[in-house]
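Undergrad: The structure under discussion is supplied below as structure tokens; questions concerning it will follow.
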There are 2 protein chains.
Amino acid sequence: MTRSWWGWGQAENAVPDDQCVQLASLLPGLPERPVPVPGAYLPPVRVVPPDALAPICTSLPGERASHTYGKAYRDVVRALRGDLQNAPDIVAYPRSEADVVDVLDWAGYANVAVIPYGGGTSVVGGVEHRGENPSLSLDLSNLDNVLDIDPISRSARIQAGVLGPDLEDQLRPHGYTLRHFPQSFEFSTLGGWLATRSSGHYATMHTHIDDFVESMRVVTPIGINESWRLPGSGAGPSPDRLFLGSEGTLGVITEAWMRVQERPNYRASTAIMFHSFRDGVRATRAIVQSGLTPANLRLLDAGEARFSGTAQNGETVLVLGFESAHIPVEVELADAVEIARSHGGREQDRDRGDSVERWRTTFLRMPYLRDALARMSVIIETFETATTWDRVDDLVATLHEELNKAVREVCDSPGIVNCRFTHVYPDGAAPYFTVIAPGRRGSEVEMWDEIKAAAAEVLHRHRATITHHHAVGRDHMPWYDEQRPEPFAAALVATKRALDPYGILNPGVLLWD
Amino acid sequence: MTRSWWGWGQAENAVPDDQCVQLASLLPGLPERPVPVPGAYLPPVRVVPPDALAPICTSLPGERASHTYGKAYRDVVRALRGDLQNAPDIVAYPRSEADVVDVLDWAGYANVAVIPYGGGTSVVGGVEHRGENPSLSLDLSNLDNVLDIDPISRSARIQAGVLGPDLEDQLRPHGYTLRHFPQSFEFSTLGGWLATRSSGHYATMHTHIDDFVESMRVVTPIGINESWRLPGSGAGPSPDRLFLGSEGTLGVITEAWMRVQERPNYRASTAIMFHSFRDGVRATRAIVQSGLTPANLRLLDAGEARFSGTAQNGETVLVLGFESAHIPVEVELADAVEIARSHGGREQDRDRGDSVERWRTTFLRMPYLRDALARMSVIIETFETATTWDRVDDLVATLHEELNKAVREVCDSPGIVNCRFTHVYPDGAAPYFTVIAPGRRGSEVEMWDEIKAAAAEVLHRHRATITHHHAVGRDHMPWYDEQRPEPFAAALVATKRALDPYGILNPGVLLWD
């Protein structure tokens, strides 16, 4: 299998041309062809690593090309057309933490921007250097081992560069799992999840990866930051919480002790249908406020349910699941179903469980479809947020309204605006939106930008977070800057100066360059 | 009722003299009498507030005396002897957030240290100014209202100066509770809990108050830090987590939106007996690693069980309880009991539930007994920590050994060393130790210091946190300084300079003065 250099995942899994046409059957035209691996399109290399670093560095065109962007729509469209002006000058593959230290030392001296790179799945411009100085993409994929397992405390010491499936393969023989399955799971790394406060498997309670961190090692330009392995502590502000969400701007996460889970032996899941989205919202809220903590509690609006094949009749679907390593969960599922019923929900035939399976399949396939549609000049934007329950109905309604309006204005045509809740809390929910609209070839990125900005403005007006789990990167900076409290921004600036005095780490992310 | 100016809680609830003698019946002597409210013992006032602040400021001796110390053993002994050399020059009672802003503005200009003061129950020197410059104790007790309740999102906007019982009284008519019950509950405030990362009611899962914070308002010397109300977010490092645990050094918390709970309708609890502490440890670990999340899961060693009256026969006791607002919890209790049984536990007659009640009563009475024993020159130290399960047995055994040794050396006599687990996690536990030993009148504080240092050294050697929920204050500084990672310390110094450029906020806490 070959990683696609311009699009999602494995090149072999990309949607074939004829299916691209089918997917966008209402539109004219043929799928755009990605440029071949694009030596010709790359800017010249401006900097050469010192001899000591040469063995771990490369400036081969294919490496530079595949490390230029993340996997935002903007990135995919630019890459498939060979627009690679922001390519890194160097891609470095450290073999050890000492190599990371050496790279940072040299980069500070040589004024080279260092862009930490895990799996490269950022959808917010998190791995694209947009500054003037030369840059180095620091690819951690060689740091991919589970170094230690403590079965008594049920935790594991794991290197940051390991990809999701590889991590699970190393934990499985011991009976453990990290059970962190973001949509990017196959192609993203532990370090990336930690640096961006990824959220994954659990729809309630432990939504973000933050809660599974026991301790971390982070290479900063002024030294290594290693927190103690502690199950809990009240000794000052949490050191780990400073680096969780730091997006490569304060240091390079090299390893972490993570709380792992025993593999679930008991599972029970079902799908509940509602006539209206608002009924579904009320049921979801009632379930999560009852004290139940389902592993899966994903509410799909009618469009989303249709798209994923879980319901075709315009109904809202709540995908509901419990799991446990030790204790049967049928009673909990029955309790949750009962709550849903009291809010107008009707349970699907529980034994079939089709909708759960169908949902999962579509979920993992979605990024490939996105690329296929991009080749047909279809604009696709996905964004997510979170807000408290008192504001959810209004926020979701306003986003539908304003996004449909924006699509009509930008695309001269109606589009599709779907919503689901990916994670829910006793005090609120995380709505996730998908927008699909016909673009004009050559103007897709600008059109996408306009639609994205329209969404972000609504979020800002409603004081809903600019991101629940996609991170800030460069693309969310204007709204993040407004969202965070001013004194906190001052603290972050001061921290950045203290830890990264030469400002080499991922400049332009979290703080203006 | 009158707050004791020198000791714990209400003066009327203090242990009478004859009972003091009984408590320490093996020791000679009579209980020391606290000095009367001690104008004569106070240093002269060195600074006068400006006219604009005069209405909220006082320098009355009683006010200065009662705001000099927290409630550590060290504090109680010094206070009852009239040693008040570190008394604040001024005690200020802001009526509003604007008053807090004005106090900080003036203090920065006048080089007056500002010591945020909630309920004054710090046991780590958190509210005692030890610097040379004049100081002002900023008592937030007038900011004591629940300002807003959002029943849809189940959260409440609460002022920081409200005491535990007063807060619960305001939430109760709405059917809610914060359900945060630290041992200091009656005499400590929301702001204090947040500033020190207090832990309370829940023995598992949401142990620290951190998890119940939706947003916070903090007055810093450079402006007000207000985070958005969000159920969850992945937008950069969490702003709230910087102020949680900041112990009044970065700003003054004035209010917070807190996630509140519905009052529990279903409860089930019991006590399990074990022949050995190690069996109890294994059972506790198995329960918390099973995925069960009991509200109460407190393991008492034989000495602790005897002291609290839950078992007299040298057995270890596990106090176990579940609760829920909506869902019966008998099944969960039965599951937990079954796990305990498989590790050698025997359930007490469940219906009596005596040991649970007895434990609670002793728990709340304990600080009064501590004061009574202090008056008999008995040394009492309580400290707590947390470590991963793989190190728990060794840490607890070593602490017993080294503390018994230290007591023999320091006191020329054996003492009592008891241990319980207050909070437990899938990856570890929070052991809480009580040390009781006969002191020599006049040397108690020095003897206490030696015993405390012996404990802290063991914690440090085992890389167990210097505090799980008592905070750092001034007394834990040497060990906290060693525990936190160096780059994080540099980040904290930089943050302090950015937010508190004149260094007026609680100097000597978290950072060396």
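Ordering of the structure tokens sets the chain letters (A, B, ...); residue numbers start at 1 within each chain; ligands are numbered from 1 in the order shown.
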What's the 7 Å shell around Thr189 (chain A), counting only C-alpha atoms, without same-chain residues fewer than 3 positions away, as a PyMOL selection string?

TA: chain A and resi 118-119+160-164+192-193

Undergrad: When the cut-off is 6 Å and we count only C-alpha atoms, which residues of chain B are near chain A, given as a ChimeraX atom specification?

TA: /B:152-154,197,225-227,230-231,233-237,242,244-246,290,326,387-390,427-428,467-469,471-472,485,487,491,494-495

Undergrad: Name the residues in contact with Asp99 (chain B) at a cut-off of 12 Å, using only C-alpha atoms, excluding same-chain residues fewer than 2 positions from it; report them as a VMD selection string.

TA: chain B and resid 52 to 57 92 to 97 101 to 106 138 to 140 142 to 143 219 252 254

Undergrad: Could those residues be written to a file, using C-alpha atoms, as an mmCIF file, in the first residue's frame?

TA:
data_model
loop_
_atom_site.group_PDB
_atom_site.id
_atom_site.type_symbol
_atom_site.label_atom_id
_atom_site.label_comp_id
_atom_site.auth_asym_id
_atom_site.auth_seq_id
_atom_site.Cartn_x
_atom_site.Cartn_y
_atom_site.Cartn_z
ATOM 1 C CA ALA B 52 -11.521 55.145 47.738
ATOM 2 C CA LEU B 53 -10.796 51.727 49.250
ATOM 3 C CA ALA B 54 -11.303 52.706 52.880
ATOM 4 C CA PRO B 55 -14.960 51.582 53.009
ATOM 5 C CA ILE B 56 -14.005 47.970 52.256
ATOM 6 C CA CYS B 57 -10.815 47.858 54.345
ATOM 7 C CA ALA B 92 -10.243 44.033 52.519
ATOM 8 C CA TYR B 93 -13.789 42.824 51.855
ATOM 9 C CA PRO B 94 -14.614 43.617 48.227
ATOM 10 C CA ARG B 95 -18.345 43.977 47.528
ATOM 11 C CA SER B 96 -17.947 43.481 43.812
ATOM 12 C CA GLU B 97 -15.530 42.445 41.129
ATOM 13 C CA VAL B 101 -9.868 45.354 40.347
ATOM 14 C CA ASP B 102 -9.390 48.527 42.403
ATOM 15 C CA VAL B 103 -7.534 46.684 45.167
ATOM 16 C CA LEU B 104 -5.137 45.087 42.680
ATOM 17 C CA ASP B 105 -4.559 48.416 40.910
ATOM 18 C CA TRP B 106 -3.669 50.152 44.157
ATOM 19 C CA LEU B 138 -8.375 39.948 50.205
ATOM 20 C CA ASP B 139 -11.379 38.279 51.830
ATOM 21 C CA LEU B 140 -13.969 37.381 49.195
ATOM 22 C CA ASN B 142 -19.093 39.108 50.378
ATOM 23 C CA LEU B 143 -19.089 37.626 46.890
ATOM 24 C CA VAL B 219 -9.260 39.240 37.820
ATOM 25 C CA VAL B 252 -8.287 36.367 41.801
ATOM 26 C CA THR B 254 -14.358 35.992 41.201
#

Undergrad: Could you list, as a count of residues only, every residue within 12 Å of Thr284 (chain B), counting only C-alpha atoms and ignoring same-chain residues fewer than 6 positions away?

TA: 45

Undergrad: Step one, run DSSP on the backbone; step two, keep only residues of region 106-278 of chain A assigned to alpha helix (DSSP H); then write them as a short mmCIF file (atom, residue, chain, number, x, y, z; two decimals) with C-alpha atoms, in the first residue's frame.

TA:
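So states.cif came out as:
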data_model
loop_
_atom_site.label_atom_id
_atom_site.label_comp_id
_atom_site.auth_asym_id
_atom_site.auth_seq_id
_atom_site.Cartn_x
_atom_site.Cartn_y
_atom_site.Cartn_z
CA TRP A 106 20.43 23.44 14.91
CA ALA A 107 17.13 25.00 13.79
CA GLY A 108 17.30 27.66 16.50
CA TYR A 109 20.80 28.56 15.40
CA ALA A 110 19.96 28.51 11.67
CA GLY A 164 -3.26 4.24 15.45
CA PRO A 165 -3.38 0.70 14.00
CA ASP A 166 0.28 0.05 14.80
CA LEU A 167 -0.30 1.16 18.38
CA GLU A 168 -3.30 -1.13 18.74
CA ASP A 169 -1.30 -4.01 17.24
CA GLN A 170 1.36 -3.55 19.93
CA LEU A 171 -1.14 -3.32 22.77
CA LEU A 190 -0.39 9.50 19.39
CA GLY A 191 1.74 12.65 19.40
CA GLY A 192 -0.65 14.35 17.00
CA TRP A 193 -3.64 13.37 19.11
CA LEU A 194 -2.00 14.79 22.23
CA ALA A 195 -0.78 17.99 20.59
CA THR A 196 -4.25 18.72 19.20
CA PRO A 239 2.04 20.70 33.52
CA ASP A 240 0.58 18.27 30.99
CA ARG A 241 -2.42 20.48 30.30
CA LEU A 242 -0.08 23.19 29.02
CA PHE A 243 1.26 20.90 26.31
CA PHE A 277 -34.06 16.54 15.32
CA ARG A 278 -35.18 18.54 18.35
#

Undergrad: Enumerate the residues of region 304-493 of chain A with a DSSP assignment of strand (DSSP E), computed from the backbone, and present them as a PyMOL selection string.

TA: chain A and resi 316-324+346-347+378-384+387-388+416-425+428-438

Undergrad: Could you please take those selected residues and save C-alpha atoms as a short mmCIF file (atom, residue, chain, number, x, y, z; two decimals), in the first residue's frame?

TA:
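Heads up, here's the output in again00.cif:
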data_model
loop_
_atom_site.label_atom_id
_atom_site.label_comp_id
_atom_site.auth_asym_id
_atom_site.auth_seq_id
_atom_site.Cartn_x
_atom_site.Cartn_y
_atom_site.Cartn_z
CA THR A 316 -33.23 11.59 12.99
CA VAL A 317 -31.16 8.68 14.30
CA LEU A 318 -29.47 8.26 17.65
CA VAL A 319 -26.71 5.65 17.57
CA LEU A 320 -26.36 4.35 21.10
CA GLY A 321 -23.85 1.89 22.51
CA PHE A 322 -22.41 0.70 25.81
CA GLU A 323 -19.35 -1.43 26.45
CA SER A 324 -17.40 -2.85 29.36
CA ARG A 346 -38.52 4.35 18.54
CA GLU A 347 -35.93 1.65 18.76
CA VAL A 378 -17.37 19.85 -5.37
CA ILE A 379 -16.71 21.92 -2.25
CA ILE A 380 -16.75 20.02 1.02
CA GLU A 381 -16.28 21.57 4.39
CA THR A 382 -16.58 19.81 7.71
CA PHE A 383 -16.32 21.70 10.96
CA GLU A 384 -17.25 21.04 14.53
CA THR A 387 -21.88 24.71 23.10
CA THR A 388 -24.06 24.37 26.18
CA ILE A 416 -26.23 20.02 1.37
CA VAL A 417 -25.83 20.99 5.05
CA ASN A 418 -25.88 18.07 7.48
CA CYS A 419 -25.33 17.94 11.22
CA ARG A 420 -24.54 15.29 13.76
CA PHE A 421 -23.46 15.35 17.42
CA THR A 422 -20.15 13.55 17.82
CA HIS A 423 -19.71 13.98 21.56
CA VAL A 424 -22.07 15.00 24.30
CA TYR A 425 -21.71 16.25 27.86
CA GLY A 428 -23.76 20.55 26.24
CA ALA A 429 -23.04 18.96 22.91
CA ALA A 430 -20.49 18.99 20.10
CA PRO A 431 -22.30 19.50 16.78
CA TYR A 432 -20.39 18.49 13.65
CA PHE A 433 -21.42 19.94 10.30
CA THR A 434 -20.82 18.75 6.76
CA VAL A 435 -21.36 21.19 3.90
CA ILE A 436 -21.35 19.96 0.27
CA ALA A 437 -21.82 22.33 -2.62
CA PRO A 438 -20.93 22.57 -6.31
#

Undergrad: Restricting the calculation to only C-alpha atoms, which member of A:Ala453, A:His180, A:Phe307, A:Val47 is positioned closest to Leu369 (chain A)?

TA: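 With only C-alpha atoms as the atom set, the closest residue is A:Phe307.
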
Undergrad: Counting only C-alpha atoms, figure out which residue out of B:Asn313, B:Asn13, B:Pro173, B:Ala113 gets nearest to Tyr502 (chain B).

TA: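 Among B:Asn313, B:Asn13, B:Pro173, B:Ala113, it is B:Ala113 that comes nearest to Tyr502 (chain B).
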
Undergrad: Do you have the CA of Pro414 (chain A)-CA of His462 (chain A) distance handy?

TA: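 It comes out at 24.6 Å.
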